[in-house]
$ cat target_36.pdb   # PDB, C-alpha atoms, pLDDT in the B column
ATOM      1  CA  MET P 153       0.000   0.000   0.000  1.00 55.00           C
ATOM      2  CA  ASP P 154       2.909   2.337  -0.646  1.00 74.00           C
ATOM      3  CA  ASP P 155       0.627   4.537  -2.770  1.00 92.00           C
ATOM      4  CA  LEU P 156      -2.008   4.929  -0.026  1.00 97.00           C
ATOM      5  CA  VAL P 157      -2.041   8.199   1.934  1.00 98.00           C
ATOM      6  CA  LEU P 158      -4.269   8.529   5.012  1.00 98.00           C
ATOM      7  CA  LEU P 159      -4.926  11.835   6.780  1.00 98.00           C
ATOM      8  CA  HIS P 160      -5.988  11.829  10.409  1.00 98.00           C
ATOM      9  CA  ALA P 161      -8.987  13.229  12.261  1.00 97.00           C
ATOM     10  CA  PHE P 162      -9.200  16.101  14.761  1.00 97.00           C
ATOM     11  CA  PRO P 163      -7.774  16.342  17.390  1.00 96.00           C
ATOM     12  CA  LEU P 164      -5.625  13.262  16.856  1.00 97.00           C
ATOM     13  CA  ASP P 165      -2.529  12.318  14.861  1.00 96.00           C
ATOM     14  CA  ALA P 166      -1.159   9.585  12.619  1.00 96.00           C
ATOM     15  CA  ARG P 167      -1.355   6.999  15.412  1.00 96.00           C
ATOM     16  CA  MET P 168      -5.081   6.601  14.731  1.00 97.00           C
ATOM     17  CA  TRP P 169      -4.244   4.527  11.641  1.00 97.00           C
ATOM     18  CA  ASP P 170      -3.278   0.859  11.847  1.00 92.00           C
ATOM     19  CA  VAL P 171      -2.743   0.246   8.132  1.00 95.00           C
ATOM     20  CA  PRO P 172       0.674  -1.267   7.374  1.00 93.00           C
ATOM     21  CA  GLY P 173       2.425   0.312   4.408  1.00 93.00           C
ATOM     22  CA  ALA P 174       0.251   3.433   4.267  1.00 96.00           C
ATOM     23  CA  LEU P 175       1.776   6.901   4.385  1.00 96.00           C
ATOM     24  CA  THR P 176       0.178   8.647   7.365  1.00 96.00           C
ATOM     25  CA  PRO P 177       1.551  12.169   7.876  1.00 93.00           C
ATOM     26  CA  SER P 178       0.713  14.093  11.017  1.00 87.00           C
ATOM     27  CA  LEU P 179      -0.918  17.401  10.064  1.00 88.00           C
ATOM     28  CA  ARG P 180       0.449  20.595  11.558  1.00 86.00           C
ATOM     29  CA  GLY P 181      -0.816  24.142  11.394  1.00 83.00           C
ATOM     30  CA  SER P 182       1.385  26.983  10.204  1.00 82.00           C
ATOM     31  CA  GLY P 183       0.635  30.634   9.565  1.00 90.00           C
ATOM     32  CA  GLU P 184      -2.883  31.843   8.850  1.00 93.00           C
ATOM     33  CA  PRO P 185      -5.381  29.032   9.607  1.00 96.00           C
ATOM     34  CA  ASP P 186      -6.385  27.549   6.257  1.00 96.00           C
ATOM     35  CA  LEU P 187      -6.636  23.889   5.275  1.00 96.00           C
ATOM     36  CA  ASP P 188      -5.095  24.785   1.932  1.00 95.00           C
ATOM     37  CA  THR P 189      -1.825  25.252   3.828  1.00 94.00           C
ATOM     38  CA  VAL P 190      -1.953  21.677   5.114  1.00 95.00           C
ATOM     39  CA  ALA P 191      -2.897  20.389   1.662  1.00 96.00           C
ATOM     40  CA  ALA P 192       0.288  22.024   0.344  1.00 95.00           C
ATOM     41  CA  GLN P 193       2.261  20.254   3.083  1.00 94.00           C
ATOM     42  CA  VAL P 194       0.803  16.890   2.027  1.00 96.00           C
ATOM     43  CA  LEU P 195       1.680  17.581  -1.612  1.00 97.00           C
ATOM     44  CA  GLY P 196       5.202  18.340  -0.460  1.00 95.00           C
ATOM     45  CA  VAL P 197       5.378  14.935   1.218  1.00 95.00           C
ATOM     46  CA  LEU P 198       4.195  13.263  -1.993  1.00 96.00           C
ATOM     47  CA  ASP P 199       6.885  15.094  -3.935  1.00 96.00           C
ATOM     48  CA  GLU P 200       9.552  14.004  -1.445  1.00 95.00           C
ATOM     49  CA  ARG P 201       8.412  10.385  -1.789  1.00 94.00           C
ATOM     50  CA  LYS P 202       8.192  10.731  -5.578  1.00 95.00           C
ATOM     51  CA  LEU P 203       4.540   9.666  -5.524  1.00 95.00           C
ATOM     52  CA  ASP P 204       2.898  10.998  -8.670  1.00 95.00           C
ATOM     53  CA  ARG P 205      -0.611   9.588  -8.107  1.00 96.00           C
ATOM     54  CA  VAL P 206      -1.999   8.138  -4.894  1.00 97.00           C
ATOM     55  CA  VAL P 207      -5.103   6.738  -3.279  1.00 97.00           C
ATOM     56  CA  LEU P 208      -5.903   9.547  -0.859  1.00 98.00           C
ATOM     57  CA  GLY P 209      -7.939   8.967   2.266  1.00 97.00           C
ATOM     58  CA  GLY P 210      -9.033  11.084   5.186  1.00 98.00           C
ATOM     59  CA  CYS P 211     -11.075  10.692   8.342  1.00 98.00           C
ATOM     60  CA  SER P 212     -13.150  13.693   9.427  1.00 97.00           C
ATOM     61  CA  MET P 213     -10.705  16.636   9.331  1.00 98.00           C
ATOM     62  CA  GLY P 214      -8.426  14.499   7.167  1.00 98.00           C
ATOM     63  CA  GLY P 215     -11.237  14.328   4.632  1.00 98.00           C
ATOM     64  CA  TYR P 216     -11.454  18.123   4.616  1.00 98.00           C
ATOM     65  CA  VAL P 217      -7.725  18.314   3.926  1.00 98.00           C
ATOM     66  CA  ALA P 218      -8.103  15.761   1.130  1.00 98.00           C
ATOM     67  CA  MET P 219     -10.768  17.982  -0.452  1.00 98.00           C
ATOM     68  CA  ALA P 220      -8.448  20.984  -0.164  1.00 97.00           C
ATOM     69  CA  LEU P 221      -5.730  18.976  -1.908  1.00 98.00           C
ATOM     70  CA  LEU P 222      -8.179  18.081  -4.679  1.00 97.00           C
ATOM     71  CA  ARG P 223      -8.759  21.772  -5.289  1.00 96.00           C
ATOM     72  CA  ARG P 224      -5.022  22.275  -5.808  1.00 96.00           C
ATOM     73  CA  ALA P 225      -3.947  19.112  -7.621  1.00 96.00           C
ATOM     74  CA  PRO P 226      -6.713  16.665  -8.598  1.00 96.00           C
ATOM     75  CA  GLU P 227      -4.348  15.007 -11.061  1.00 96.00           C
ATOM     76  CA  ARG P 228      -2.340  13.587  -8.122  1.00 97.00           C
ATOM     77  CA  VAL P 229      -5.251  11.406  -6.945  1.00 97.00           C
ATOM     78  CA  LYS P 230      -6.321   8.110  -8.534  1.00 96.00           C
ATOM     79  CA  GLY P 231      -8.746   7.031  -5.804  1.00 96.00           C
ATOM     80  CA  LEU P 232     -10.401   8.467  -2.703  1.00 97.00           C
ATOM     81  CA  VAL P 233     -11.329   7.098   0.712  1.00 98.00           C
ATOM     82  CA  PHE P 234     -13.576   9.311   2.821  1.00 98.00           C
ATOM     83  CA  VAL P 235     -14.142   8.132   6.393  1.00 98.00           C
ATOM     84  CA  ASP P 236     -16.762   9.839   8.578  1.00 98.00           C
ATOM     85  CA  THR P 237     -16.429  13.188   6.875  1.00 97.00           C
ATOM     86  CA  LYS P 238     -18.598  15.582   4.876  1.00 96.00           C
ATOM     87  CA  HIS P 239     -18.271  17.855   1.880  1.00 97.00           C
ATOM     88  CA  THR P 240     -20.310  20.818   3.109  1.00 97.00           C
ATOM     89  CA  ALA P 241     -19.083  23.922   4.920  1.00 96.00           C
ATOM     90  CA  ASP P 242     -19.805  24.605   8.578  1.00 96.00           C
ATOM     91  CA  THR P 243     -23.019  26.294   9.586  1.00 96.00           C
ATOM     92  CA  PRO P 244     -22.505  29.624  11.381  1.00 96.00           C
ATOM     93  CA  GLU P 245     -23.271  27.889  14.690  1.00 97.00           C
ATOM     94  CA  ALA P 246     -20.740  25.121  14.073  1.00 96.00           C
ATOM     95  CA  ALA P 247     -18.082  27.642  13.072  1.00 97.00           C
ATOM     96  CA  ALA P 248     -18.761  29.661  16.212  1.00 98.00           C
ATOM     97  CA  ASN P 249     -18.351  26.535  18.345  1.00 97.00           C
ATOM     98  CA  ARG P 250     -15.007  25.820  16.701  1.00 97.00           C
ATOM     99  CA  HIS P 251     -13.772  29.335  17.441  1.00 98.00           C
ATOM    100  CA  ALA P 252     -14.966  29.047  21.042  1.00 97.00           C
ATOM    101  CA  MET P 253     -12.977  25.829  21.507  1.00 97.00           C
ATOM    102  CA  ALA P 254      -9.919  27.403  19.872  1.00 97.00           C
ATOM    103  CA  ASP P 255     -10.145  30.347  22.243  1.00 97.00           C
ATOM    104  CA  ARG P 256     -10.441  28.078  25.280  1.00 97.00           C
ATOM    105  CA  VAL P 257      -7.506  25.926  24.192  1.00 97.00           C
ATOM    106  CA  GLU P 258      -5.369  29.044  23.886  1.00 96.00           C
ATOM    107  CA  ARG P 259      -6.439  30.196  27.356  1.00 96.00           C
ATOM    108  CA  GLU P 260      -6.269  26.883  29.212  1.00 96.00           C
ATOM    109  CA  GLY P 261      -4.182  24.561  27.056  1.00 96.00           C
ATOM    110  CA  VAL P 262      -5.014  20.992  26.104  1.00 97.00           C
ATOM    111  CA  GLY P 263      -6.258  19.080  29.120  1.00 95.00           C
ATOM    112  CA  GLU P 264      -8.732  16.547  30.416  1.00 96.00           C
ATOM    113  CA  TRP P 265     -11.547  18.992  29.688  1.00 96.00           C
ATOM    114  CA  LEU P 266     -10.879  18.643  25.951  1.00 97.00           C
ATOM    115  CA  ALA P 267     -10.721  14.852  26.064  1.00 97.00           C
ATOM    116  CA  ASP P 268     -13.923  14.712  28.122  1.00 96.00           C
ATOM    117  CA  ALA P 269     -15.675  17.003  25.647  1.00 95.00           C
ATOM    118  CA  MET P 270     -14.532  15.103  22.555  1.00 96.00           C
ATOM    119  CA  LEU P 271     -14.697  11.423  23.511  1.00 97.00           C
ATOM    120  CA  PRO P 272     -18.515  11.044  23.597  1.00 96.00           C
ATOM    121  CA  ASN P 273     -18.695  12.364  20.039  1.00 96.00           C
ATOM    122  CA  LEU P 274     -15.726  10.420  18.695  1.00 98.00           C
ATOM    123  CA  LEU P 275     -16.450   6.919  19.958  1.00 97.00           C
ATOM    124  CA  SER P 276     -19.492   4.671  20.110  1.00 96.00           C
ATOM    125  CA  PRO P 277     -21.073   3.822  23.487  1.00 94.00           C
ATOM    126  CA  ASP P 278     -19.612   0.314  23.272  1.00 92.00           C
ATOM    127  CA  ALA P 279     -16.049   1.337  22.400  1.00 96.00           C
ATOM    128  CA  SER P 280     -13.394  -0.774  24.081  1.00 96.00           C
ATOM    129  CA  ASP P 281     -11.306   0.499  26.955  1.00 97.00           C
ATOM    130  CA  THR P 282      -8.296   0.199  24.653  1.00 96.00           C
ATOM    131  CA  ALA P 283      -9.859   2.472  22.039  1.00 97.00           C
ATOM    132  CA  ARG P 284     -10.901   5.004  24.686  1.00 97.00           C
ATOM    133  CA  ALA P 285      -7.442   5.054  26.245  1.00 97.00           C
ATOM    134  CA  SER P 286      -5.781   5.426  22.841  1.00 97.00           C
ATOM    135  CA  VAL P 287      -7.965   8.350  21.756  1.00 98.00           C
ATOM    136  CA  ARG P 288      -7.638  10.086  25.135  1.00 98.00           C
ATOM    137  CA  THR P 289      -3.857   9.786  24.979  1.00 98.00           C
ATOM    138  CA  MET P 290      -3.706  11.207  21.472  1.00 97.00           C
ATOM    139  CA  ILE P 291      -5.907  14.160  22.416  1.00 98.00           C
ATOM    140  CA  LEU P 292      -3.900  14.988  25.532  1.00 97.00           C
ATOM    141  CA  GLU P 293      -0.616  14.859  23.625  1.00 97.00           C
ATOM    142  CA  GLN P 294      -1.596  17.447  21.005  1.00 96.00           C
ATOM    143  CA  GLN P 295      -0.130  20.933  21.059  1.00 95.00           C
ATOM    144  CA  ALA P 296      -2.571  23.697  21.977  1.00 96.00           C
ATOM    145  CA  GLU P 297      -1.479  25.832  19.053  1.00 95.00           C
ATOM    146  CA  ASP P 298      -2.242  22.989  16.615  1.00 96.00           C
ATOM    147  CA  VAL P 299      -5.668  22.307  18.109  1.00 97.00           C
ATOM    148  CA  ALA P 300      -6.639  25.976  17.913  1.00 97.00           C
ATOM    149  CA  TRP P 301      -5.239  26.285  14.387  1.00 97.00           C
ATOM    150  CA  TRP P 302      -7.130  23.212  13.142  1.00 97.00           C
ATOM    151  CA  GLN P 303     -10.418  24.462  14.552  1.00 97.00           C
ATOM    152  CA  ARG P 304     -10.087  27.886  12.963  1.00 98.00           C
ATOM    153  CA  ALA P 305      -9.008  26.381   9.644  1.00 97.00           C
ATOM    154  CA  MET P 306     -11.941  23.966   9.593  1.00 98.00           C
ATOM    155  CA  ALA P 307     -14.363  26.763  10.458  1.00 98.00           C
ATOM    156  CA  LYS P 308     -13.478  28.614   7.247  1.00 96.00           C
ATOM    157  CA  ARG P 309     -13.356  25.670   4.846  1.00 97.00           C
ATOM    158  CA  PRO P 310     -15.528  26.024   1.731  1.00 96.00           C
ATOM    159  CA  ASP P 311     -18.237  23.721   0.443  1.00 96.00           C
ATOM    160  CA  SER P 312     -16.551  21.110  -1.757  1.00 97.00           C
ATOM    161  CA  THR P 313     -19.523  19.968  -3.825  1.00 96.00           C
ATOM    162  CA  ASP P 314     -18.133  21.519  -6.993  1.00 94.00           C
ATOM    163  CA  VAL P 315     -14.736  19.855  -6.788  1.00 94.00           C
ATOM    164  CA  LEU P 316     -16.142  16.428  -5.909  1.00 96.00           C
ATOM    165  CA  GLU P 317     -18.797  16.407  -8.628  1.00 94.00           C
ATOM    166  CA  SER P 318     -16.120  16.944 -11.271  1.00 91.00           C
ATOM    167  CA  LEU P 319     -13.906  14.027 -10.206  1.00 93.00           C
ATOM    168  CA  ASN P 320     -13.688  10.943 -12.373  1.00 92.00           C
ATOM    169  CA  VAL P 321     -11.965   8.589  -9.916  1.00 95.00           C
ATOM    170  CA  PRO P 322     -13.306   5.717  -7.773  1.00 96.00           C
ATOM    171  CA  SER P 323     -14.233   6.618  -4.206  1.00 97.00           C
ATOM    172  CA  LEU P 324     -14.987   4.678  -1.037  1.00 97.00           C
ATOM    173  CA  VAL P 325     -17.197   6.341   1.574  1.00 98.00           C
ATOM    174  CA  LEU P 326     -17.138   4.679   4.991  1.00 98.00           C
ATOM    175  CA  VAL P 327     -19.134   5.715   8.049  1.00 98.00           C
ATOM    176  CA  GLY P 328     -19.493   4.366  11.560  1.00 97.00           C
ATOM    177  CA  GLU P 329     -22.946   3.110  12.478  1.00 96.00           C
ATOM    178  CA  HIS P 330     -23.052   5.275  15.623  1.00 97.00           C
ATOM    179  CA  ASP P 331     -21.290   8.391  14.330  1.00 97.00           C
ATOM    180  CA  LYS P 332     -22.842  11.465  15.988  1.00 95.00           C
ATOM    181  CA  LEU P 333     -20.782  14.093  14.176  1.00 95.00           C
ATOM    182  CA  THR P 334     -21.210  12.900  10.586  1.00 95.00           C
ATOM    183  CA  PRO P 335     -23.939  10.245  10.775  1.00 95.00           C
ATOM    184  CA  PRO P 336     -24.768   7.752   8.023  1.00 96.00           C
ATOM    185  CA  ASP P 337     -27.237  10.078   6.298  1.00 96.00           C
ATOM    186  CA  VAL P 338     -24.456  12.668   5.908  1.00 95.00           C
ATOM    187  CA  ALA P 339     -22.180  10.005   4.418  1.00 95.00           C
ATOM    188  CA  ALA P 340     -24.953   9.085   1.989  1.00 95.00           C
ATOM    189  CA  LYS P 341     -25.129  12.695   0.763  1.00 96.00           C
ATOM    190  CA  LEU P 342     -21.363  12.703   0.255  1.00 96.00           C
ATOM    191  CA  ALA P 343     -21.512   9.436  -1.683  1.00 95.00           C
ATOM    192  CA  VAL P 344     -24.116  10.679  -4.168  1.00 95.00           C
ATOM    193  CA  THR P 345     -21.977  13.762  -4.821  1.00 95.00           C
ATOM    194  CA  LEU P 346     -19.158  11.543  -6.099  1.00 95.00           C
ATOM    195  CA  MET P 347     -19.279  10.128  -9.618  1.00 89.00           C
ATOM    196  CA  HIS P 348     -17.978   6.617  -8.894  1.00 91.00           C
ATOM    197  CA  SER P 349     -18.592   5.877  -5.222  1.00 94.00           C
ATOM    198  CA  THR P 350     -18.999   2.834  -3.020  1.00 94.00           C
ATOM    199  CA  SER P 351     -20.706   3.591   0.300  1.00 96.00           C
ATOM    200  CA  GLU P 352     -20.540   1.290   3.321  1.00 97.00           C
ATOM    201  CA  ARG P 353     -21.449   1.420   6.988  1.00 97.00           C
ATOM    202  CA  ILE P 354     -19.192  -0.095   9.651  1.00 97.00           C
ATOM    203  CA  GLU P 355     -21.209  -1.611  12.458  1.00 95.00           C
ATOM    204  CA  GLY P 356     -20.235  -1.047  16.071  1.00 94.00           C
ATOM    205  CA  ALA P 357     -18.221   2.098  15.409  1.00 97.00           C
ATOM    206  CA  GLY P 358     -18.646   5.809  15.984  1.00 97.00           C
ATOM    207  CA  HIS P 359     -16.725   8.642  14.336  1.00 98.00           C
ATOM    208  CA  LEU P 360     -13.416   6.737  14.283  1.00 98.00           C
ATOM    209  CA  PRO P 361     -13.843   3.278  12.692  1.00 98.00           C
ATOM    210  CA  PRO P 362     -10.074   2.907  12.106  1.00 97.00           C
ATOM    211  CA  VAL P 363      -9.615   3.096  15.895  1.00 98.00           C
ATOM    212  CA  GLU P 364     -12.679   1.180  17.086  1.00 97.00           C
ATOM    213  CA  GLN P 365     -12.813  -1.440  14.341  1.00 96.00           C
ATOM    214  CA  PRO P 366      -9.324  -1.494  12.788  1.00 96.00           C
ATOM    215  CA  ASP P 367      -9.578  -5.009  11.355  1.00 96.00           C
ATOM    216  CA  GLU P 368     -12.937  -4.305   9.744  1.00 97.00           C
ATOM    217  CA  PHE P 369     -11.672  -0.978   8.417  1.00 97.00           C
ATOM    218  CA  ARG P 370      -8.661  -2.613   6.780  1.00 97.00           C
ATOM    219  CA  PHE P 371     -10.840  -5.374   5.336  1.00 96.00           C
ATOM    220  CA  ARG P 372     -13.275  -2.896   3.731  1.00 97.00           C
ATOM    221  CA  LEU P 373     -10.403  -0.814   2.370  1.00 97.00           C
ATOM    222  CA  GLU P 374      -8.479  -3.754   0.926  1.00 95.00           C
ATOM    223  CA  ARG P 375     -11.608  -5.318  -0.601  1.00 96.00           C
ATOM    224  CA  TRP P 376     -12.510  -2.061  -2.319  1.00 96.00           C
ATOM    225  CA  ARG P 377      -9.021  -1.618  -3.722  1.00 94.00           C
ATOM    226  CA  GLU P 378      -9.055  -5.139  -5.111  1.00 93.00           C
ATOM    227  CA  GLN P 379     -12.505  -4.662  -6.635  1.00 89.00           C
ATOM    228  CA  ILE P 380     -11.736  -1.445  -8.455  1.00 87.00           C
ATOM    229  CA  GLY P 381      -8.056  -2.066  -9.129  1.00 83.00           C
ATOM    230  CA  VAL P 382      -6.347   0.900  -7.490  1.00 84.00           C
TER
END
$ encode --input "target_36.pdb" --output "structure tokens"
Amino acid sequence: MDDLVLLHAFPLDARMWDVPGALTPSLRGSGEPDLDTVAAQVLGVLDERKLDRVVLGGCSMGGYVAMALLRRAPERVKGLVFVDTKHTADTPEAAANRHAMADRVEREGVGEWLADAMLPNLLSPDASDTARASVRTMILEQQAEDVAWWQRAMAKRPDSTDVLESLNVPSLVLVGEHDKLTPPDVAAKLAVTLMHSTSERIEGAGHLPPVEQPDEFRFRLERWREQIGV
């Protein structure tokens, strides 16, 4: 899978992926908050690795970054994997909530309050203790400046309907059965926006199927790649 690139969710890092052989960069904010900046960083990684065309995947925020990359360089992508993400922009209320969290992180830093606020929305009610401990650890180990930057960048992201409708590459849309943030009906709307999409639900998972159901996630991903030949 040396041509598979997976971009992580907020507020986590590359450790959320358990996919041997995949390139899983950790996303970092720099300068004015804008996901286009991170997309440029990912393209830089592809250039360093001499990867001309890749299967690009993203979970939640990682999906938003993937869409930003598609705006810059769609020719670099031969297949897409969207996991628990959406193609629409934030509502004014959602954007305001992101800015409020960014402000609090800058005042108080990353702490248990952030993990306690995020975990119920990231994991299903039946998530294992191992999954909960892993996600909590990742959240607590993030830098406050990155968390605030990500939130502000996501708050200003554009609607990506136009860029997705014009793509002529195969896409896999996966969603956790119990996802509260981007539930299955949101994934269905994303799937119909894409020209050549396969849409599947992963049972027993919330917003982070690669963490809660890593074996099932890998199975769905590998089966799709075999079926469509990318």
$ resolve_selection --input "target_36.pdb" --expression "the PyMOL selection byres ((chain P and resi 338) around 10)" --output "PDB file with C-alpha atoms, in the frame of the given file"
ATOM      1  CA  ASP P 236     -16.762   9.839   8.578  1.00 98.00           C
ATOM      2  CA  THR P 237     -16.429  13.188   6.875  1.00 97.00           C
ATOM      3  CA  LYS P 238     -18.598  15.582   4.876  1.00 96.00           C
ATOM      4  CA  HIS P 239     -18.271  17.855   1.880  1.00 97.00           C
ATOM      5  CA  THR P 240     -20.310  20.818   3.109  1.00 97.00           C
ATOM      6  CA  VAL P 327     -19.134   5.715   8.049  1.00 98.00           C
ATOM      7  CA  ASP P 331     -21.290   8.391  14.330  1.00 97.00           C
ATOM      8  CA  LEU P 333     -20.782  14.093  14.176  1.00 95.00           C
ATOM      9  CA  THR P 334     -21.210  12.900  10.586  1.00 95.00           C
ATOM     10  CA  PRO P 335     -23.939  10.245  10.775  1.00 95.00           C
ATOM     11  CA  PRO P 336     -24.768   7.752   8.023  1.00 96.00           C
ATOM     12  CA  ASP P 337     -27.237  10.078   6.298  1.00 96.00           C
ATOM     13  CA  ALA P 339     -22.180  10.005   4.418  1.00 95.00           C
ATOM     14  CA  ALA P 340     -24.953   9.085   1.989  1.00 95.00           C
ATOM     15  CA  LYS P 341     -25.129  12.695   0.763  1.00 96.00           C
ATOM     16  CA  LEU P 342     -21.363  12.703   0.255  1.00 96.00           C
ATOM     17  CA  ALA P 343     -21.512   9.436  -1.683  1.00 95.00           C
TER      18      ALA P 343
END
$ resolve_selection --input "target_36.pdb" --expression "the PyMOL selection byres ((chain P and resi 291-301) around 12)" --output "number ranges by chain"
P: 161-168, 178-187, 189-190, 213, 249-271, 274, 284-290, 302-308
$ resolve_selection --input "target_36.pdb" --expression "the PyMOL selection byres ((chain P and resi 350) around 12)" --output "PyMOL selection string"
chain P and resi 231-235+321-327+339-340+342-349+351-353+372-373+375-377+379-380
$ atom_distance --input "target_36.pdb" --atom1 "CA of Pro172 (chain P)" --atom2 "CA of Gly214 (chain P)"
18.2 Å
$ residues_around --input "target_36.pdb" --residues "Arg201 (chain P)" --least-positions-apart "3" --cutoff "10 Å" --atoms "only C-alpha atoms" --output "short mmCIF file (atom, residue, chain, number, x, y, z; two decimals) with C-alpha atoms, keeping the file's coordinate frame"
data_model
loop_
_atom_site.label_atom_id
_atom_site.label_comp_id
_atom_site.auth_asym_id
_atom_site.auth_seq_id
_atom_site.Cartn_x
_atom_site.Cartn_y
_atom_site.Cartn_z
CA ASP P 154 2.91 2.34 -0.65
CA ASP P 155 0.63 4.54 -2.77
CA LEU P 175 1.78 6.90 4.38
CA LEU P 195 1.68 17.58 -1.61
CA GLY P 196 5.20 18.34 -0.46
CA VAL P 197 5.38 14.94 1.22
CA LEU P 198 4.20 13.26 -1.99
CA ASP P 204 2.90 11.00 -8.67
#
$ closest_residue --input "target_36.pdb" --among "P:Pro277, P:Val157, P:Leu316, P:Glu378" --to "Cys211 (chain P)" --atoms "all atoms listed in the file"
P:Val157
$ atom_distance --input "target_36.pdb" --atom1 "CA of Leu156 (chain P)" --atom2 "CA of Gly173 (chain P)"
7.8 Å
$ atom_distance --input "target_36.pdb" --atom1 "CA of Ala357 (chain P)" --atom2 "CA of Tyr216 (chain P)"
20.5 Å
$ residues_around --input "target_36.pdb" --residues "Ala279 (chain P)" --least-positions-apart "2" --cutoff "9 Å" --atoms "only C-alpha atoms" --output "number ranges by chain"
P: 275-277, 281-284, 356-358, 364
$ closest_residue --input "target_36.pdb" --among "P:Val171, P:Leu222, P:Leu158, P:Ala241" --to "Val207 (chain P)" --atoms "all atoms listed in the file"
P:Leu158
$ closest_residue --input "target_36.pdb" --among "P:Glu227, P:Glu329, P:Glu368, P:Asp188" --to "Asp278 (chain P)" --atoms "all atoms listed in the file"
P:Glu329
$ closest_residue --input "target_36.pdb" --among "P:Ala174, P:Ala192, P:Trp169, P:Met219" --to "Leu319 (chain P)" --atoms "only C-alpha atoms"
P:Met219
$ closest_residue --input "target_36.pdb" --among "P:Glu374, P:Glu355, P:Asp311, P:Asp367" --to "Thr243 (chain P)" --atoms "all atoms listed in the file"
P:Asp311
